[in-house]
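Asks: PDB, C-alpha atoms, pLDDT in the B column, saved as target-v6.pdb, coming up:
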ATOM      1  CA  MET A   1      68.274 -44.849  93.358  1.00 68.00           C
ATOM      2  CA  THR A   2      68.118 -41.947  90.880  1.00 85.00           C
ATOM      3  CA  GLN A   3      71.143 -40.689  88.955  1.00 85.00           C
ATOM      4  CA  LEU A   4      71.219 -37.583  91.129  1.00 90.00           C
ATOM      5  CA  SER A   5      70.989 -39.413  94.472  1.00 92.00           C
ATOM      6  CA  THR A   6      73.678 -41.874  93.357  1.00 93.00           C
ATOM      7  CA  PHE A   7      75.871 -38.956  92.325  1.00 94.00           C
ATOM      8  CA  GLN A   8      75.160 -37.155  95.635  1.00 95.00           C
ATOM      9  CA  LYS A   9      76.420 -40.221  97.502  1.00 96.00           C
ATOM     10  CA  ARG A  10      79.512 -40.389  95.273  1.00 95.00           C
ATOM     11  CA  ILE A  11      80.372 -36.730  95.851  1.00 96.00           C
ATOM     12  CA  HIS A  12      80.142 -37.119  99.619  1.00 96.00           C
ATOM     13  CA  GLU A  13      82.304 -40.265  99.536  1.00 96.00           C
ATOM     14  CA  GLU A  14      84.960 -39.011  97.094  1.00 94.00           C
ATOM     15  CA  ILE A  15      85.039 -35.362  98.195  1.00 95.00           C
ATOM     16  CA  PRO A  16      84.598 -35.409 101.994  1.00 96.00           C
ATOM     17  CA  LEU A  17      84.617 -31.603 102.140  1.00 97.00           C
ATOM     18  CA  SER A  18      81.293 -31.609 100.251  1.00 97.00           C
ATOM     19  CA  ARG A  19      79.646 -33.388 103.189  1.00 97.00           C
ATOM     20  CA  ALA A  20      81.158 -30.932 105.693  1.00 97.00           C
ATOM     21  CA  LEU A  21      79.892 -28.011 103.597  1.00 98.00           C
ATOM     22  CA  GLY A  22      76.410 -29.559 103.580  1.00 98.00           C
ATOM     23  CA  ILE A  23      76.167 -29.663  99.786  1.00 98.00           C
ATOM     24  CA  GLU A  24      72.854 -31.062  98.575  1.00 98.00           C
ATOM     25  CA  LEU A  25      72.089 -31.741  94.913  1.00 98.00           C
ATOM     26  CA  HIS A  26      68.576 -30.715  93.876  1.00 97.00           C
ATOM     27  CA  SER A  27      68.225 -31.137  90.117  1.00 97.00           C
ATOM     28  CA  TRP A  28      70.018 -32.005  86.894  1.00 96.00           C
ATOM     29  CA  ASP A  29      68.092 -31.634  83.654  1.00 95.00           C
ATOM     30  CA  GLY A  30      70.894 -32.531  81.260  1.00 94.00           C
ATOM     31  CA  SER A  31      72.116 -28.948  80.951  1.00 95.00           C
ATOM     32  CA  SER A  32      71.762 -27.281  84.361  1.00 97.00           C
ATOM     33  CA  LEU A  33      72.648 -28.383  87.893  1.00 98.00           C
ATOM     34  CA  LEU A  34      71.135 -26.880  91.025  1.00 98.00           C
ATOM     35  CA  LEU A  35      72.753 -27.526  94.408  1.00 98.00           C
ATOM     36  CA  SER A  36      72.651 -25.849  97.793  1.00 98.00           C
ATOM     37  CA  ALA A  37      74.516 -25.450 101.076  1.00 98.00           C
ATOM     38  CA  PRO A  38      73.444 -24.167 104.486  1.00 98.00           C
ATOM     39  CA  LEU A  39      75.061 -21.051 105.912  1.00 98.00           C
ATOM     40  CA  SER A  40      75.711 -22.469 109.406  1.00 97.00           C
ATOM     41  CA  PRO A  41      78.707 -24.753 108.615  1.00 98.00           C
ATOM     42  CA  ASN A  42      80.018 -22.193 106.113  1.00 98.00           C
ATOM     43  CA  ILE A  43      79.921 -19.052 108.267  1.00 97.00           C
ATOM     44  CA  ASN A  44      82.849 -16.711 108.814  1.00 97.00           C
ATOM     45  CA  HIS A  45      83.812 -14.295 111.595  1.00 97.00           C
ATOM     46  CA  GLN A  46      81.519 -11.635 110.055  1.00 96.00           C
ATOM     47  CA  GLY A  47      78.434 -13.858 110.277  1.00 97.00           C
ATOM     48  CA  THR A  48      78.325 -14.268 106.486  1.00 98.00           C
ATOM     49  CA  GLY A  49      79.409 -17.036 104.130  1.00 98.00           C
ATOM     50  CA  PHE A  50      83.110 -17.861 104.273  1.00 98.00           C
ATOM     51  CA  GLY A  51      84.676 -17.113 100.876  1.00 98.00           C
ATOM     52  CA  GLY A  52      86.432 -20.479 100.742  1.00 98.00           C
ATOM     53  CA  SER A  53      83.158 -22.297 101.323  1.00 98.00           C
ATOM     54  CA  VAL A  54      81.336 -20.278  98.664  1.00 98.00           C
ATOM     55  CA  TYR A  55      84.168 -21.017  96.218  1.00 98.00           C
ATOM     56  CA  SER A  56      84.099 -24.713  97.104  1.00 98.00           C
ATOM     57  CA  VAL A  57      80.339 -24.950  96.538  1.00 98.00           C
ATOM     58  CA  ALA A  58      80.659 -23.145  93.191  1.00 98.00           C
ATOM     59  CA  VAL A  59      83.588 -25.255  91.945  1.00 98.00           C
ATOM     60  CA  THR A  60      81.792 -28.427  93.069  1.00 98.00           C
ATOM     61  CA  ALA A  61      78.764 -27.428  90.980  1.00 98.00           C
ATOM     62  CA  ALA A  62      80.898 -26.927  87.859  1.00 98.00           C
ATOM     63  CA  TRP A  63      82.904 -30.127  88.446  1.00 98.00           C
ATOM     64  CA  ALA A  64      79.620 -32.010  88.889  1.00 97.00           C
ATOM     65  CA  VAL A  65      78.200 -30.596  85.637  1.00 97.00           C
ATOM     66  CA  THR A  66      81.291 -31.895  83.824  1.00 97.00           C
ATOM     67  CA  GLU A  67      80.908 -35.333  85.448  1.00 96.00           C
ATOM     68  CA  LEU A  68      77.165 -35.493  84.732  1.00 96.00           C
ATOM     69  CA  ALA A  69      77.639 -34.381  81.113  1.00 95.00           C
ATOM     70  CA  LEU A  70      80.201 -37.169  80.648  1.00 94.00           C
ATOM     71  CA  ALA A  71      77.767 -39.672  82.154  1.00 93.00           C
ATOM     72  CA  ASP A  72      75.017 -38.465  79.812  1.00 93.00           C
ATOM     73  CA  LEU A  73      77.388 -39.217  76.912  1.00 93.00           C
ATOM     74  CA  GLY A  74      77.912 -42.741  78.310  1.00 93.00           C
ATOM     75  CA  LEU A  75      81.473 -41.890  79.315  1.00 93.00           C
ATOM     76  CA  LYS A  76      83.601 -41.692  82.413  1.00 93.00           C
ATOM     77  CA  GLY A  77      86.995 -40.107  82.871  1.00 94.00           C
ATOM     78  CA  SER A  78      89.234 -38.125  85.160  1.00 95.00           C
ATOM     79  CA  VAL A  79      87.787 -34.632  85.711  1.00 96.00           C
ATOM     80  CA  VAL A  80      89.852 -31.895  87.346  1.00 96.00           C
ATOM     81  CA  VAL A  81      89.657 -28.135  87.561  1.00 97.00           C
ATOM     82  CA  GLN A  82      92.445 -26.473  85.551  1.00 97.00           C
ATOM     83  CA  THR A  83      91.706 -22.833  86.363  1.00 98.00           C
ATOM     84  CA  GLY A  84      89.106 -21.110  88.458  1.00 98.00           C
ATOM     85  CA  SER A  85      88.253 -17.682  89.773  1.00 98.00           C
ATOM     86  CA  ILE A  86      85.339 -16.175  91.625  1.00 98.00           C
ATOM     87  CA  ASP A  87      83.918 -12.696  91.979  1.00 98.00           C
ATOM     88  CA  TYR A  88      82.201 -12.048  95.309  1.00 98.00           C
ATOM     89  CA  LEU A  89      79.537  -9.465  94.504  1.00 98.00           C
ATOM     90  CA  GLU A  90      77.571  -9.374  97.779  1.00 98.00           C
ATOM     91  CA  PRO A  91      77.910 -11.053 101.180  1.00 98.00           C
ATOM     92  CA  VAL A  92      76.281 -14.464 101.568  1.00 98.00           C
ATOM     93  CA  THR A  93      73.799 -13.737 104.359  1.00 98.00           C
ATOM     94  CA  SER A  94      71.684 -16.915 104.383  1.00 98.00           C
ATOM     95  CA  ASP A  95      71.607 -20.469 103.120  1.00 98.00           C
ATOM     96  CA  PHE A  96      72.754 -20.366  99.519  1.00 98.00           C
ATOM     97  CA  TYR A  97      72.595 -22.265  96.282  1.00 98.00           C
ATOM     98  CA  ALA A  98      74.537 -22.556  93.064  1.00 98.00           C
ATOM     99  CA  ILE A  99      73.471 -23.038  89.471  1.00 98.00           C
ATOM    100  CA  CYS A 100      75.868 -24.210  86.791  1.00 98.00           C
ATOM    101  CA  ARG A 101      74.708 -24.526  83.196  1.00 97.00           C
ATOM    102  CA  LEU A 102      76.365 -26.022  80.162  1.00 97.00           C
ATOM    103  CA  PRO A 103      77.271 -23.323  77.616  1.00 94.00           C
ATOM    104  CA  GLY A 104      74.274 -22.847  75.321  1.00 92.00           C
ATOM    105  CA  ASP A 105      72.395 -25.362  77.504  1.00 89.00           C
ATOM    106  CA  GLU A 106      74.028 -28.302  75.730  1.00 91.00           C
ATOM    107  CA  ILE A 107      77.283 -30.207  75.647  1.00 92.00           C
ATOM    108  CA  PRO A 108      79.501 -28.188  73.263  1.00 93.00           C
ATOM    109  CA  GLU A 109      80.258 -29.940  69.971  1.00 93.00           C
ATOM    110  CA  ARG A 110      83.970 -29.130  70.254  1.00 94.00           C
ATOM    111  CA  PHE A 111      84.063 -30.859  73.655  1.00 94.00           C
ATOM    112  CA  ARG A 112      82.246 -33.921  72.251  1.00 92.00           C
ATOM    113  CA  LYS A 113      84.633 -34.159  69.280  1.00 93.00           C
ATOM    114  CA  SER A 114      87.730 -33.810  71.449  1.00 94.00           C
ATOM    115  CA  LEU A 115      86.499 -36.575  73.749  1.00 94.00           C
ATOM    116  CA  ALA A 116      85.758 -38.838  70.775  1.00 91.00           C
ATOM    117  CA  ARG A 117      89.055 -38.174  68.980  1.00 92.00           C
ATOM    118  CA  HIS A 118      91.510 -37.800  71.828  1.00 93.00           C
ATOM    119  CA  GLY A 119      89.804 -39.147  74.949  1.00 93.00           C
ATOM    120  CA  LYS A 120      90.208 -35.749  76.567  1.00 95.00           C
ATOM    121  CA  GLY A 121      88.667 -32.314  76.455  1.00 95.00           C
ATOM    122  CA  ARG A 122      88.234 -28.953  78.154  1.00 96.00           C
ATOM    123  CA  LEU A 123      85.028 -27.335  79.269  1.00 97.00           C
ATOM    124  CA  ASP A 124      84.667 -23.704  80.376  1.00 97.00           C
ATOM    125  CA  LEU A 125      81.838 -23.260  82.873  1.00 98.00           C
ATOM    126  CA  THR A 126      80.220 -20.535  84.951  1.00 98.00           C
ATOM    127  CA  THR A 127      78.486 -21.070  88.280  1.00 98.00           C
ATOM    128  CA  GLU A 128      76.235 -18.433  89.783  1.00 98.00           C
ATOM    129  CA  VAL A 129      75.656 -18.382  93.549  1.00 98.00           C
ATOM    130  CA  PHE A 130      72.461 -16.981  95.102  1.00 98.00           C
ATOM    131  CA  CYS A 131      71.107 -16.553  98.622  1.00 98.00           C
ATOM    132  CA  GLY A 132      67.820 -18.119  99.683  1.00 97.00           C
ATOM    133  CA  MET A 133      65.807 -21.194  98.830  1.00 97.00           C
ATOM    134  CA  PRO A 134      67.123 -23.213  95.851  1.00 97.00           C
ATOM    135  CA  ASN A 135      65.443 -22.115  92.641  1.00 95.00           C
ATOM    136  CA  SER A 136      66.326 -23.033  89.060  1.00 94.00           C
ATOM    137  CA  PHE A 137      65.090 -19.621  87.917  1.00 94.00           C
ATOM    138  CA  PRO A 138      66.314 -17.083  90.490  1.00 95.00           C
ATOM    139  CA  GLN A 139      64.708 -13.640  90.515  1.00 89.00           C
ATOM    140  CA  GLY A 140      67.612 -11.604  91.898  1.00 93.00           C
ATOM    141  CA  ASP A 141      71.244 -11.094  91.012  1.00 97.00           C
ATOM    142  CA  PRO A 142      73.937 -13.595  92.026  1.00 98.00           C
ATOM    143  CA  VAL A 143      76.028 -12.894  95.121  1.00 98.00           C
ATOM    144  CA  ALA A 144      79.047 -14.598  93.533  1.00 98.00           C
ATOM    145  CA  VAL A 145      80.075 -15.802  90.086  1.00 98.00           C
ATOM    146  CA  PHE A 146      82.654 -18.549  89.526  1.00 98.00           C
ATOM    147  CA  GLN A 147      84.337 -19.164  86.178  1.00 98.00           C
ATOM    148  CA  GLY A 148      86.489 -22.191  85.595  1.00 98.00           C
ATOM    149  CA  ARG A 149      87.987 -24.550  83.058  1.00 98.00           C
ATOM    150  CA  PHE A 150      87.644 -28.267  83.643  1.00 98.00           C
ATOM    151  CA  VAL A 151      89.826 -30.861  81.992  1.00 97.00           C
ATOM    152  CA  VAL A 152      88.702 -34.394  81.224  1.00 96.00           C
ATOM    153  CA  GLN A 153      91.363 -37.017  80.644  1.00 95.00           C
ATOM    154  CA  ASP A 154      91.145 -40.724  79.883  1.00 92.00           C
ATOM    155  CA  ALA A 155      87.515 -40.474  78.732  1.00 90.00           C
ATOM    156  CA  ARG A 156      86.159 -43.923  77.909  1.00 91.00           C
ATOM    157  CA  SER A 157      82.911 -45.803  77.732  1.00 88.00           C
ATOM    158  CA  LYS A 158      81.374 -46.588  81.102  1.00 79.00           C
ATOM    159  CA  ALA A 159      81.284 -50.241  80.014  1.00 69.00           C
ATOM    160  CA  THR A 160      85.070 -50.338  79.509  1.00 49.00           C
ATOM    161  CA  PRO A 161      86.975 -51.619  82.551  1.00 50.00           C
ATOM    162  CA  GLN A 162      89.746 -49.337  83.782  1.00 48.00           C
ATOM    163  CA  MET A 163      93.250 -50.761  83.509  1.00 42.00           C
TER     164      MET A 163
END
Please re-express this file's structure in structure tokens.
Replies:
Amino acid sequence: MTQLSTFQKRIHEEIPLSRALGIELHSWDGSSLLLSAPLSPNINHQGTGFGGSVYSVAVTAAWAVTELALADLGLKGSVVVQTGSIDYLEPVTSDFYAICRLPGDEIPERFRKSLARHGKGRLDLTTEVFCGMPNSFPQGDPVAVFQGRFVVQDARSKATPQM
């Protein structure tokens, strides 16, 4: 099982809402995560994407980037969203997808140092949401943009048993 398929299974088990939303992970290249969700289980009374669903997909993408970045560093920890906001720029009129990228396409040095020194850190992330078929390099403008801060606590080596 690949890292992404293992992580997909974990998300659906630990965050049951992600299964109900139909979230599907497509790619993780070490700096950018692409995931998608179908419109049908996320539709509102207007026939467009429900704002809460769009937010949930976007925050899940950013949370997952934080988790995957930790894993790439050989660490695990408790990851939670500290703050988050979303701008809805256009209605979600079809199946949609989200892209979240690490700042500067790499794990920030300040974040790495904080994890190493204190076992905790903060990561500010942006997720862009687009309509259509999942694409790592979308041609159009996003329909929504999420910005959030994620906090990692109790970061430790994956090999270290949790007490």
Asks: If the PyMOL selection byres ((chain A and resi 59-64) around 9) were run on this exact file, what residues would it hold? Put them as a ChimeraX atom specification.
Replies: /A:7,11,18,23,25,33-35,54-58,65-69,79-81,84,98-102,124-127,146-150
Asks: I'd like the box whose edges run along x, y and z of the file and which contains every listed atom of range 92-99 of chain A, padded by 4 Å per side; could you state its centre and edge lengths in Å, one decimal, as lines of an AutoDock Vina configuration file?
Replies:
center_x = 73.9
center_y = -18.4
center_z = 96.9
size_x = 12.7
size_y = 17.3
size_z = 22.9
Asks: Run the PyMOL selection byres ((chain A and resi 72) around 12) on the file and write out the hits as an NGL selection string.
Replies: :A and (3-4 or 28-31 or 65-71 or 73-76 or 106-107 or 112 or 157-158)
Asks: With C-alpha atoms retained, write the just-selected residues as a JSON list (two decimals), keeping the file's coordinate frame.
Replies:
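Saved to part00.json:
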[["chain", "number", "residue", "atom", "x", "y", "z"],
["A", 3, "GLN", "CA", 71.14, -40.69, 88.96],
["A", 4, "LEU", "CA", 71.22, -37.58, 91.13],
["A", 28, "TRP", "CA", 70.02, -32.01, 86.89],
["A", 29, "ASP", "CA", 68.09, -31.63, 83.65],
["A", 30, "GLY", "CA", 70.89, -32.53, 81.26],
["A", 31, "SER", "CA", 72.12, -28.95, 80.95],
["A", 65, "VAL", "CA", 78.20, -30.60, 85.64],
["A", 66, "THR", "CA", 81.29, -31.90, 83.82],
["A", 67, "GLU", "CA", 80.91, -35.33, 85.45],
["A", 68, "LEU", "CA", 77.17, -35.49, 84.73],
["A", 69, "ALA", "CA", 77.64, -34.38, 81.11],
["A", 70, "LEU", "CA", 80.20, -37.17, 80.65],
["A", 71, "ALA", "CA", 77.77, -39.67, 82.15],
["A", 73, "LEU", "CA", 77.39, -39.22, 76.91],
["A", 74, "GLY", "CA", 77.91, -42.74, 78.31],
["A", 75, "LEU", "CA", 81.47, -41.89, 79.32],
["A", 76, "LYS", "CA", 83.60, -41.69, 82.41],
["A", 106, "GLU", "CA", 74.03, -28.30, 75.73],
["A", 107, "ILE", "CA", 77.28, -30.21, 75.65],
["A", 112, "ARG", "CA", 82.25, -33.92, 72.25],
["A", 157, "SER", "CA", 82.91, -45.80, 77.73],
["A", 158, "LYS", "CA", 81.37, -46.59, 81.10]]
Asks: Which value, in Å to one decimal, gives the distance between CA of Ser78 in chain A and CA of Ala155 in chain A?
Replies: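 Going from CA of Ser78 in chain A over to CA of Ala155 in chain A, I get 7.1 Å.
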Asks: So what do you get for CA of Val92 in chain A versus CA of Leu17 in chain A, distance-wise?
Replies: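 Rounded to one decimal, the two atoms are 19.1 Å apart.
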Asks: Once the PyMOL selection byres ((chain A and resi 133-142) around 9) has been applied to the shown file, what residues remain in the selection, as an MDAnalysis selection string?
Replies: chainID A and resid 26:27 32:36 89:90 95:99 128:132 143:145
Asks: So how many Å separate CA of Phe50 in chain A and CA of Thr93 in chain A, to one decimal?
Replies: 10.2 Å
Asks: Would you mind telling me which residue in A:Leu123, A:Asn44, A:Pro103, A:Ala116 lies nearest to Pro91 in chain A when using all atoms listed in the file?
Replies: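 So, comparing all the options, the nearest one is A:Asn44.
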Asks: Ranking A:Thr83, A:Ser5, A:Ser94, A:Glu24 by minimum distance to Leu39 in chain A and counting only C-alpha atoms, which one comes first?
Replies: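 When distances to Leu39 in chain A are compared using only C-alpha atoms, the smallest one comes from A:Ser94.
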Asks: Residues at most 6 Å from Gly121 in chain A, counting all atoms listed in the file, excluding those fewer than 4 positions away in the same chain, as a list in words?
Replies: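 Final neighbour list, sorted by chain and number: Phe111, Ser114, Leu115, Val151 and Val152 of chain A.
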Asks: Give me range 13-28 of chain A with N, CA, C and O atoms filled in, as a compact mmCIF listing (two decimals), in the frame of the given file.
Replies:
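In the end it all went to selection_33.txt:
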# COMPACT_ATOMS: atom_id res chain seq x y z
N GLU A 13 81.28 -39.26 99.26
CA GLU A 13 82.30 -40.26 99.54
C GLU A 13 83.66 -39.86 98.99
O GLU A 13 84.69 -40.04 99.64
N GLU A 14 83.69 -39.31 97.76
CA GLU A 14 84.96 -39.01 97.09
C GLU A 14 85.51 -37.63 97.42
O GLU A 14 86.70 -37.39 97.28
N ILE A 15 84.62 -36.72 97.83
CA ILE A 15 85.04 -35.36 98.20
C ILE A 15 84.47 -35.08 99.59
O ILE A 15 83.40 -34.47 99.72
N PRO A 16 85.14 -35.54 100.63
CA PRO A 16 84.60 -35.41 101.99
C PRO A 16 84.23 -33.97 102.38
O PRO A 16 83.29 -33.76 103.14
N LEU A 17 84.94 -32.99 101.84
CA LEU A 17 84.62 -31.60 102.14
C LEU A 17 83.17 -31.27 101.75
O LEU A 17 82.51 -30.48 102.42
N SER A 18 82.66 -31.90 100.70
CA SER A 18 81.29 -31.61 100.25
C SER A 18 80.27 -31.96 101.33
O SER A 18 79.26 -31.28 101.50
N ARG A 19 80.54 -33.01 102.08
CA ARG A 19 79.65 -33.39 103.19
C ARG A 19 79.74 -32.35 104.31
O ARG A 19 78.73 -31.92 104.86
N ALA A 20 80.97 -31.93 104.64
CA ALA A 20 81.16 -30.93 105.69
C ALA A 20 80.50 -29.59 105.32
O ALA A 20 79.97 -28.91 106.20
N LEU A 21 80.52 -29.25 104.05
CA LEU A 21 79.89 -28.01 103.60
C LEU A 21 78.37 -28.12 103.59
O LEU A 21 77.68 -27.10 103.53
N GLY A 22 77.86 -29.35 103.62
CA GLY A 22 76.41 -29.56 103.58
C GLY A 22 75.83 -29.48 102.18
O GLY A 22 74.63 -29.20 102.01
N ILE A 23 76.64 -29.76 101.17
CA ILE A 23 76.17 -29.66 99.79
C ILE A 23 75.07 -30.69 99.53
O ILE A 23 75.22 -31.87 99.85
N GLU A 24 73.99 -30.21 98.95
CA GLU A 24 72.85 -31.06 98.58
C GLU A 24 72.50 -30.80 97.11
O GLU A 24 72.26 -29.65 96.73
N LEU A 25 72.48 -31.86 96.32
CA LEU A 25 72.09 -31.74 94.91
C LEU A 25 70.57 -31.73 94.82
O LEU A 25 69.90 -32.54 95.46
N HIS A 26 70.04 -30.83 94.01
CA HIS A 26 68.58 -30.72 93.88
C HIS A 26 68.07 -31.17 92.52
O HIS A 26 67.04 -31.85 92.45
N SER A 27 68.73 -30.76 91.44
CA SER A 27 68.22 -31.14 90.12
C SER A 27 69.33 -31.09 89.07
O SER A 27 70.25 -30.29 89.16
N TRP A 28 69.17 -31.96 88.10
CA TRP A 28 70.02 -32.01 86.89
C TRP A 28 69.08 -32.33 85.74
O TRP A 28 68.43 -33.37 85.75
